[in-house]
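See structure below.
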Amino acid sequence: MFLHNLKYEFLQNIRQKELIGWMMLFPIVLATLFYVAFGNIYEKEKVFSEIDIAVVEVTKDDIFNTVLDELSTGDEPLFNVKYTDRENAEKLLRDGDVLSIIYVDKEMTMSAASKGLAPSIVRSFLEQYTNQKTIITETAKTNPDKLEAVIKSLSNEIDCMNTKQLSNGNMDPYITYFYNLIAMVALFGSTNGVFSATRNQGNLSAIGARKCVSPTHKLKTTIASLLAAAAAQIVCVFISITYIVFILRIDMGDKIAMIYLSGVTGTFAGTSLGFFIGSIGRISESTKYGIAFPVTMISCFLSGLMIADMKSIISQHCPVVNKLNPAALISDLFYCLSIYDDYSRYIGVTATLLIMTVLFTAGGFLLTRRKKYASI
Amino acid sequence: MQVFKTFMKIMKKHLRTSIIYIIVFLAIGIGMSLSDDKKTGFENSRLNISVIDNDNTEASRALIEFIDKNHTIVEVGNSKDEMLDALYYLRANVILTINEGYAEKLANGETDDLFSDYRVPGTFTAEYFDTQINQYISTINAYTTGGFSIEKAAEKTAVLMENEVKAEIISPNEKKDSSLLSDKISQYFNYFAYVIIMVIISGLCPTILVMTSKEIRNRTNCSSISSSSQLLQIALGSVIFSIGVYLLLTCSAAILYGSEIFSKNGLLGILNSFVFLIFAMTLTIFIAVIAPSSNVVNMIANIVGLGMSFLCGVFVPQMLLSDTVLNVGKFLPAYWYVKANNMLSGSNNEIFSNSKFFICIGIEIAFSVMLFCITILAAKTKRSSKSV
């Protein structure tokens, strides 16, 4: 009987063709948009590449030119230098062809089109050059016998940092948009959850009425309908993950099977959340959908679907929200898989989601328990 | 005004989603209004640096002071989880440990392995921090070589490094225009594009769908109210709702950002957003005509709203989007809306001129007119196919 129920519940779910169709299309469209919008940003904005600068020589400074040449050649050049006149340099700056202009004069000055890291690096470099000049002149005046040693120490290559890596995973923060997108699809399972809850209530649907008078135990029909609802949503989640990982080729790490499994965990949480909302009180079906949808969207908003930093902001001010927000937890699953080598944190997050699933399901069941058709 | 009254009653039941969007938007607006973005000259970028001092000497404390002066020192916690999270979400750009023996090594002229650090490698932030720290260490080293004690060297370095190279911003807007809107208002207007679409679609669409559903339409059609009066009353309801939302958001902007909104550029921004509101309304009617059921309206709204926002630079500055994305964006009104906004604030290297600004406004209007014509066509086709 259970399998019979499961089969027909599943059929009912996938027969909501419009909803299922959009549910599949929605993440694909959004993932594509994220891909085109954020595809290059990390490379363009964060990953270091040589900085285009223009140099205007008001007076000639051969030492400076030698230093610049050194910094703009080699395997990892710091600058890409164009020597030009003031007018042309400013034009290049306005057109965005260079990021800063250096004016070589008795006193070095610079200009930039905007604030930012690249102009700050240029300024740091100029300050370093000026400071070194000061030190050399100072030493020549006060301590000429040490001059040679000082010049030598200044030209020494400094290697004072011993950089260690905490993770070999993809540290591109823009990837969280995709994590949150999958979390959203999983949480959209809540609409299926509402659907299955209302299909069990005699006052909300004809099928619910028939189920209420049937002799099958309510727990059995409920579990069957919940599993079916989750299964239908899992199909959508799998389509999104496949599209993101294999077609858009977003680097979510190499634990592919675990990524799909995380999708399943998330969907269970989403579906049970919807089931719980669907079971509250005697409000109409459309109102229940009207609650489930914004709840999902707010959960995703707090987890960073619209603004990637959201999760970080919350973790600073009210970390408990991240520990309870289903979307944040689901996106955390993908984050753990990509960044961590071990599973300790992953297991913790999964456990929280599973506990939530059990609580929502039990809560929903308790709310509808003993509501026989006659007593509604 | 029976139709109008019913329309409002039904709409009241569908306002939940709209209200949520408005509240979230205003909360973000308040957050932005608290931030401070003066458009003054050049300032160095400040990074978030977490420092763990294992040396704890005068020299290491001097270094921390130097970092604190140029950057923001943050606490991230000691566990691997906390450090990873902080780096990943950019709460900390570099987690620096000053190794034990830092002062001693420096005094002996050694500069290797003074620090160990965690960071996201290969980024601009890492490069910037390295340039500065290397500069600092190189200067101290030069002073100690010159015969100064490590403490004295640190002191002299701190003084020397206060010398700043003069830097200025060359604004793409030739005259250093003080009438330009601040970034936060520009951001508010940009987000407005997404929010107004979501609010109006999720508030109006379900209502219009109910009013035009088959049974209700048939029943109203056989009443004594003429069809043009019905249409007018529905239109009146829609306009009142849209203008209401618009006024609410604009007044909130005025409260949040004060007099800047009433400057010439601020008023042009308000005009721009009003023109976009018209587009949002046309879009809503279009979706109401083509949407198969009210269940999917929210999803269509999200695809259109988020899609347009990401392609046109509402959330991400246009400057950062690739040319392909921007070329696609040009076929969407939000692109022109954001472009006009950028002109008003001088962001994205856009230069304001009356003609350019009003071309953007004109294109937005053209999109609305075009979409309106398509909507009428779609409505006619739908009706005639139904009557067959």
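Each chain in the structure tokens gets a letter, A, B and so on, in the order shown; residues start at 1 in every chain, and ligands are counted from 1 in the order they appear.
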Show me, as an mmCIF file with N, CA and C atoms, in the first residue's frame, the residues that have an atom within 12 Å of Val289 (chain B) when counting only C-alpha atoms, minus same-chain residues fewer than 5 positions from it.
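New file part09.cif:
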```cif
data_model
loop_
_atom_site.group_PDB
_atom_site.id
_atom_site.type_symbol
_atom_site.label_atom_id
_atom_site.label_comp_id
_atom_site.auth_asym_id
_atom_site.auth_seq_id
_atom_site.Cartn_x
_atom_site.Cartn_y
_atom_site.Cartn_z
ATOM 1 N N LEU B 204 0.700 43.225 -8.143
ATOM 2 C CA LEU B 204 -0.370 43.438 -9.133
ATOM 3 C C LEU B 204 -0.762 42.189 -9.908
ATOM 4 N N CYS B 205 0.258 41.408 -10.297
ATOM 5 C CA CYS B 205 -0.026 40.286 -11.195
ATOM 6 C C CYS B 205 -1.097 39.326 -10.673
ATOM 7 N N PRO B 206 -0.939 38.822 -9.441
ATOM 8 C CA PRO B 206 -1.958 37.882 -8.970
ATOM 9 C C PRO B 206 -3.349 38.520 -8.951
ATOM 10 N N ILE B 208 -4.516 41.000 -10.901
ATOM 11 C CA ILE B 208 -5.040 41.097 -12.267
ATOM 12 C C ILE B 208 -5.459 39.717 -12.766
ATOM 13 N N LEU B 209 -4.662 38.698 -12.395
ATOM 14 C CA LEU B 209 -5.002 37.344 -12.846
ATOM 15 C C LEU B 209 -6.352 36.900 -12.289
ATOM 16 N N VAL B 210 -6.621 37.255 -11.024
ATOM 17 C CA VAL B 210 -7.920 36.895 -10.438
ATOM 18 C C VAL B 210 -9.034 37.646 -11.181
ATOM 19 N N MET B 211 -8.825 38.950 -11.378
ATOM 20 C CA MET B 211 -9.861 39.768 -12.004
ATOM 21 C C MET B 211 -10.160 39.319 -13.433
ATOM 22 N N THR B 212 -9.132 38.770 -14.091
ATOM 23 C CA THR B 212 -9.367 38.386 -15.487
ATOM 24 C C THR B 212 -9.573 36.886 -15.644
ATOM 25 N N SER B 213 -9.693 36.182 -14.500
ATOM 26 C CA SER B 213 -9.914 34.738 -14.630
ATOM 27 C C SER B 213 -11.290 34.508 -15.250
ATOM 28 N N THR B 282 4.229 48.273 -17.247
ATOM 29 C CA THR B 282 3.948 47.629 -18.529
ATOM 30 C C THR B 282 4.347 46.158 -18.476
ATOM 31 N N LEU B 283 5.512 45.930 -17.861
ATOM 32 C CA LEU B 283 6.009 44.561 -17.752
ATOM 33 C C LEU B 283 5.019 43.701 -16.966
ATOM 34 N N THR B 284 4.466 44.276 -15.897
ATOM 35 C CA THR B 284 3.512 43.541 -15.071
ATOM 36 C C THR B 284 2.293 43.136 -15.893
ATOM 37 N N SER B 294 -1.239 31.810 -11.414
ATOM 38 C CA SER B 294 -0.632 32.694 -10.419
ATOM 39 C C SER B 294 0.498 32.004 -9.655
ATOM 40 N N VAL B 297 3.795 33.045 -11.224
ATOM 41 C CA VAL B 297 4.079 34.475 -11.373
ATOM 42 C C VAL B 297 5.345 34.876 -10.621
ATOM 43 N N LEU B 371 6.771 47.320 -25.372
ATOM 44 C CA LEU B 371 6.228 46.213 -24.595
ATOM 45 C C LEU B 371 4.710 46.337 -24.488
ATOM 46 N N PHE B 372 4.236 47.571 -24.392
ATOM 47 C CA PHE B 372 2.795 47.779 -24.295
ATOM 48 C C PHE B 372 2.110 47.285 -25.569
ATOM 49 N N ILE B 374 3.241 45.034 -27.656
ATOM 50 C CA ILE B 374 3.310 43.565 -27.681
ATOM 51 C C ILE B 374 2.240 42.984 -26.765
ATOM 52 N N THR B 375 2.044 43.634 -25.611
ATOM 53 C CA THR B 375 1.048 43.145 -24.653
ATOM 54 C C THR B 375 -0.346 43.155 -25.273
ATOM 55 N N ILE B 376 -0.685 44.264 -25.949
ATOM 56 C CA ILE B 376 -2.014 44.351 -26.562
ATOM 57 C C ILE B 376 -2.182 43.245 -27.592
ATOM 58 N N LEU B 377 -1.118 43.035 -28.349
ATOM 59 C CA LEU B 377 -1.147 41.989 -29.369
ATOM 60 C C LEU B 377 -1.341 40.616 -28.729
ATOM 61 N N ALA B 378 -0.542 40.368 -27.666
ATOM 62 C CA ALA B 378 -0.614 39.070 -26.991
ATOM 63 C C ALA B 378 -1.997 38.863 -26.396
ATOM 64 N N ALA B 379 -2.567 39.924 -25.806
ATOM 65 C CA ALA B 379 -3.889 39.811 -25.185
ATOM 66 C C ALA B 379 -4.934 39.472 -26.247
ATOM 67 N N LYS B 380 -4.817 40.147 -27.401
ATOM 68 C CA LYS B 380 -5.783 39.887 -28.472
ATOM 69 C C LYS B 380 -5.669 38.457 -28.963
ATOM 70 N N THR B 381 -4.435 38.009 -29.179
ATOM 71 C CA THR B 381 -4.235 36.647 -29.667
ATOM 72 C C THR B 381 -4.788 35.650 -28.668
ATOM 73 N N LYS B 382 -4.532 35.911 -27.381
ATOM 74 C CA LYS B 382 -4.974 34.985 -26.352
ATOM 75 C C LYS B 382 -6.500 34.912 -26.345
ATOM 76 N N ARG B 383 -7.127 36.094 -26.431
ATOM 77 C CA ARG B 383 -8.585 36.134 -26.375
ATOM 78 C C ARG B 383 -9.198 35.444 -27.589
#
```
Backbone-only DSSP, alpha helix (DSSP H) members of region 163-226 of chain A, as a ChimeraX atom specification: /A:176-187,189-198,206-213,218-226
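By only C-alpha atoms, and with residues fewer than 6 positions from Ile20 (chain B) along its chain excluded, the set lying at most 12 Å from it is Gly290, Ile291, Phe293, Pro294, Val295, Thr296, Met297, Ile298 and Phe301 of chain A; His14, Leu26, Ala27, Val195, Met198, Val199, Ser202 and Gly203 of chain B.
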Mind dumping the selected residues with N, CA and C atoms as a compact mmCIF listing (two decimals), in the first residue's frame?
```txt
# COMPACT_ATOMS: atom_id res chain seq x y z
N GLY A 290 1.74 31.42 -0.25
CA GLY A 290 2.17 32.80 -0.07
C GLY A 290 3.11 32.97 1.11
N ILE A 291 3.06 32.03 2.06
CA ILE A 291 4.03 32.09 3.17
C ILE A 291 5.31 31.36 2.77
N PHE A 293 6.76 30.80 -0.05
CA PHE A 293 7.65 31.42 -1.04
C PHE A 293 8.53 32.52 -0.43
N PRO A 294 7.93 33.51 0.24
CA PRO A 294 8.80 34.52 0.86
C PRO A 294 9.75 33.95 1.92
N VAL A 295 9.30 32.93 2.66
CA VAL A 295 10.19 32.34 3.66
C VAL A 295 11.44 31.81 2.96
N THR A 296 11.21 31.10 1.83
CA THR A 296 12.35 30.60 1.06
C THR A 296 13.24 31.74 0.59
N MET A 297 12.61 32.79 0.03
CA MET A 297 13.41 33.86 -0.54
C MET A 297 14.19 34.62 0.54
N ILE A 298 13.57 34.84 1.69
CA ILE A 298 14.29 35.55 2.75
C ILE A 298 15.46 34.70 3.24
N PHE A 301 18.04 35.10 0.78
CA PHE A 301 18.62 36.44 0.84
C PHE A 301 19.64 36.51 1.97
N HIS B 14 -2.95 39.97 -1.51
CA HIS B 14 -1.74 39.52 -2.20
C HIS B 14 -0.53 40.40 -1.89
N LEU B 26 14.20 48.59 2.23
CA LEU B 26 14.40 49.75 3.09
C LEU B 26 15.47 49.47 4.14
N ALA B 27 15.50 48.20 4.63
CA ALA B 27 16.52 47.86 5.61
C ALA B 27 17.91 48.04 5.00
N VAL B 195 13.87 46.09 -7.12
CA VAL B 195 12.80 46.04 -6.13
C VAL B 195 11.46 46.46 -6.74
N MET B 198 10.00 43.61 -8.70
CA MET B 198 9.51 42.52 -7.87
C MET B 198 8.23 42.93 -7.13
N VAL B 199 8.23 44.14 -6.57
CA VAL B 199 7.09 44.57 -5.77
C VAL B 199 5.86 44.70 -6.64
N SER B 202 4.73 41.19 -8.03
CA SER B 202 4.14 40.27 -7.05
C SER B 202 2.88 40.86 -6.41
N GLY B 203 2.72 42.18 -6.45
CA GLY B 203 1.50 42.76 -5.91
C GLY B 203 0.37 42.80 -6.93
```
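Interatomic distance, CA of Ala62 (chain B) to CA of Thr142 (chain A): 24.6 Å.
Residue nearest chain A, chosen from B:Ser149, B:Asn342, B:Asn218, B:Gln132 and counting only C-alpha atoms: B:Gln132.
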Secondary structure check, strand (DSSP E) residues of region 6-99 of chain A, as a PyMOL selection string: chain A and resi 51-57+79-84
Polymer residues at most 9 Å from Asn265 (chain B), only C-alpha atoms, same-chain spacing of 4 or more positions, as a PyMOL selection string: chain B and resi 179-181+260-261+269-270+344-345
Saved selection, atoms kept: C-alpha atoms, as a PDB file, in the first residue's frame:
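Produced file result_1.pdb, reproduced below:
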```pdb
ATOM      1  CA  SER B 179      26.677  68.210  -7.839  1.00  0.00           C
ATOM      2  CA  LEU B 180      27.371  64.515  -8.439  1.00  0.00           C
ATOM      3  CA  LEU B 181      25.265  62.168  -6.350  1.00  0.00           C
ATOM      4  CA  GLU B 260      20.917  65.532  -1.630  1.00  0.00           C
ATOM      5  CA  ILE B 261      17.815  63.972  -3.168  1.00  0.00           C
ATOM      6  CA  GLY B 269      17.344  60.436 -10.547  1.00  0.00           C
ATOM      7  CA  ILE B 270      13.762  60.586  -9.328  1.00  0.00           C
ATOM      8  CA  LEU B 344      24.263  61.339 -12.171  1.00  0.00           C
ATOM      9  CA  SER B 345      26.844  60.020  -9.733  1.00  0.00           C
TER      10      SER B 345
END
```
Residue nearest Thr139 (chain B) among A:Ile101, A:Leu181, A:Cys212, A:Ile136 (counting only C-alpha atoms): A:Ile136
